[in-house]
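Below is one structure, written out as structure tokens; comments come after it.
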Amino acid sequence: MKKNEKSYSFFDDVFEVVKLIPKGRVTSYGTIAKYLGTKMSARMVGWAMNAAHTHTKVPAHRVLNRNGLLTGKHHFETPTAMQDRLEKEGVKVENDQVVEFKKLFWDPSIELF
DNA sequence: GGTCTGACCGGCG
DNA sequence: ACGCCGGCCAGAC
């Protein structure tokens with residue numbers, strides 16, 4: 001794993017960042033991707049989430065698309081798991097969309113500095 | 001080993 | 001303002 005720095009996949013970075021997301025906060029795939037330096041590869045972030053939530057404990061429900069829409073809710077154990085968890089953490093969700101998404105937005109480049 | 005898709009984003013018509 | 005298309009990386013068939 002530590003053989004080469006190149007071996008380091010940004011997938012692991014995604015897991016780390018997502019796990020650092022405070023409870024009751026949300027972010028977008030593009031934001032994480034941008035924070036990792038691969039803003040163009042926002043798709044990979046979502047892809048990483050797929051593998052992440054299946055293998056590791058990653059709050060993928062706190063990660064949404066730039067619209068604040070629960071795009072990946074259909075990939076959870078249940079279609080309502082994502083929304084249910086968000087509401088459980090105090091995040092209001094309406095019509096598969098996070099209310100005050102802009103306000104609850106969590107920017108790693110700012111929060112983590 | 002080549003091809004396609006995928007939980008996205010940004011730009012252009 | 002809405003809709004379409006291209007791009008990036010990695011995994012699956």
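To be explicit about the labels: the chains of the structure tokens are called A, B, and onward in the order shown, and within each one the residues are counted from 1, while ligands get numbers from 1 in the order they are shown.
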* Asked: DG13 of chain B: which residues within 12 Å, counting only C-alpha atoms (C1' of nucleotides), same-chain residues fewer than 6 positions away excluded, as a VMD selection string?
  -> chain C and resid 2 to 5
Can I get the residues of chain C within 8 Å of chain A, each with the closest pair of atoms and their distance in Å to one decimal, using only C-alpha atoms (C1' of nucleotides), sorted chain first then ascending number, as JSON lines?
{"residue": "C:DG7", "atom": "C1'", "partner": "A:Met40", "partner_atom": "CA", "distance": 7.1}
{"residue": "C:DC8", "atom": "C1'", "partner": "A:Ser41", "partner_atom": "CA", "distance": 4.7}
{"residue": "C:DC9", "atom": "C1'", "partner": "A:Met44", "partner_atom": "CA", "distance": 6.3}
{"residue": "C:DA10", "atom": "C1'", "partner": "A:Met44", "partner_atom": "CA", "distance": 7.4}
* Asked: What residues in chain A get the DSSP label alpha helix (DSSP H)? Please answer as a PyMOL selection string.
  -> chain A and resi 10-19+29-36+42-55+81-88+101-104+108-111
* **Residue set, segment 43-104 of chain A restricted to strand (DSSP E or B), as JSON, numbers by chain** => {"A": [63, 64, 69, 93, 94, 97, 98]}
May I have the residues from that selection written out with N, CA, C and O atoms, as a PDB file, in the first residue's frame?
ATOM      1  N   VAL A  63     -23.656  13.257   1.703  1.00  0.00           N
ATOM      2  CA  VAL A  63     -23.091  13.720   0.428  1.00  0.00           C
ATOM      3  C   VAL A  63     -24.170  13.746  -0.639  1.00  0.00           C
ATOM      4  O   VAL A  63     -24.780  12.723  -0.942  1.00  0.00           O
ATOM      5  N   LEU A  64     -24.378  14.923  -1.193  1.00  0.00           N
ATOM      6  CA  LEU A  64     -25.414  15.081  -2.213  1.00  0.00           C
ATOM      7  C   LEU A  64     -24.789  15.709  -3.449  1.00  0.00           C
ATOM      8  O   LEU A  64     -23.609  16.026  -3.465  1.00  0.00           O
ATOM      9  N   LEU A  69     -29.784  17.596  -3.990  1.00  0.00           N
ATOM     10  CA  LEU A  69     -30.755  16.527  -4.193  1.00  0.00           C
ATOM     11  C   LEU A  69     -30.175  15.188  -3.757  1.00  0.00           C
ATOM     12  O   LEU A  69     -29.001  14.911  -3.978  1.00  0.00           O
ATOM     13  N   VAL A  93     -35.458  17.499   4.948  1.00  0.00           N
ATOM     14  CA  VAL A  93     -35.442  17.094   3.536  1.00  0.00           C
ATOM     15  C   VAL A  93     -36.860  17.129   2.981  1.00  0.00           C
ATOM     16  O   VAL A  93     -37.781  16.561   3.559  1.00  0.00           O
ATOM     17  N   GLU A  94     -37.014  17.802   1.872  1.00  0.00           N
ATOM     18  CA  GLU A  94     -38.327  17.873   1.244  1.00  0.00           C
ATOM     19  C   GLU A  94     -38.206  17.525  -0.224  1.00  0.00           C
ATOM     20  O   GLU A  94     -37.395  18.099  -0.940  1.00  0.00           O
ATOM     21  N   GLN A  97     -34.951  16.684  -1.502  1.00  0.00           N
ATOM     22  CA  GLN A  97     -34.013  17.796  -1.574  1.00  0.00           C
ATOM     23  C   GLN A  97     -33.797  18.380  -0.181  1.00  0.00           C
ATOM     24  O   GLN A  97     -34.744  18.563   0.575  1.00  0.00           O
ATOM     25  N   VAL A  98     -32.538  18.683   0.145  1.00  0.00           N
ATOM     26  CA  VAL A  98     -32.211  19.216   1.467  1.00  0.00           C
ATOM     27  C   VAL A  98     -32.628  20.685   1.579  1.00  0.00           C
ATOM     28  O   VAL A  98     -32.256  21.502   0.753  1.00  0.00           O
TER      29      VAL A  98
END
Can you check which parts of chain B lie within 8 Å of chain A? Per residue, the shortest pair of atoms and distance in Å to one decimal, counting only C-alpha atoms (C1' of nucleotides), sorted by chain and number, as JSON lines.
{"residue": "B:DG6", "atom": "C1'", "partner": "A:Trp47", "partner_atom": "CA", "distance": 6.9}
{"residue": "B:DA7", "atom": "C1'", "partner": "A:Gly72", "partner_atom": "CA", "distance": 3.9}
{"residue": "B:DC8", "atom": "C1'", "partner": "A:Arg43", "partner_atom": "CA", "distance": 4.5}
{"residue": "B:DC9", "atom": "C1'", "partner": "A:Gly30", "partner_atom": "CA", "distance": 6.7}
Using only N, CA, C and O atoms (P, O5', C5', C4', C3', O3' and C1' of nucleotides), please write the residues we just selected to a file, as a tab-separated table (two decimals), in the first residue's frame.
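Saved file again-v1.tsv follows:
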chain	number	residue	atom	x	y	z
B	6	DG	P	-25.43	3.11	-16.15
B	6	DG	O5'	-24.78	3.76	-14.84
B	6	DG	C5'	-24.14	2.94	-13.87
B	6	DG	C4'	-23.26	3.83	-12.99
B	6	DG	C3'	-23.90	5.20	-12.74
B	6	DG	O3'	-24.12	5.41	-11.35
B	6	DG	C1'	-21.63	5.40	-13.47
B	7	DA	P	-25.68	5.73	-10.98
B	7	DA	O5'	-25.63	6.64	-9.68
B	7	DA	C5'	-26.60	7.66	-9.54
B	7	DA	C4'	-26.09	8.69	-8.53
B	7	DA	C3'	-24.73	9.27	-8.89
B	7	DA	O3'	-24.79	10.67	-8.69
B	7	DA	C1'	-24.69	8.42	-6.70
B	8	DC	P	-25.21	11.59	-9.90
B	8	DC	O5'	-23.96	12.57	-9.92
B	8	DC	C5'	-23.09	12.69	-8.81
B	8	DC	C4'	-22.04	13.73	-9.14
B	8	DC	C3'	-22.62	15.13	-9.35
B	8	DC	O3'	-21.85	16.10	-8.69
B	8	DC	C1'	-21.45	14.43	-11.27
B	9	DC	P	-22.44	17.55	-8.64
B	9	DC	O5'	-21.54	18.25	-9.76
B	9	DC	C5'	-20.14	18.16	-9.67
B	9	DC	C4'	-19.49	18.99	-10.76
B	9	DC	C3'	-20.13	20.36	-10.97
B	9	DC	O3'	-19.12	21.33	-11.17
B	9	DC	C1'	-20.21	19.13	-13.00
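Nearest residue to Thr31 of chain A among A:Ala81, A:Ser109, A:Lys92, A:Glu16 is A:Ser109, counting only C-alpha atoms.
The gap separating atom CA of Glu111 of chain A from atom CA of Val26 of chain A is 12.2 Å, in Å to one decimal.
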* Structure fact -> In Å and to one decimal, atom C1' of DC4 of chain B is distant from atom CA of Asn67 of chain A by 26.5 Å
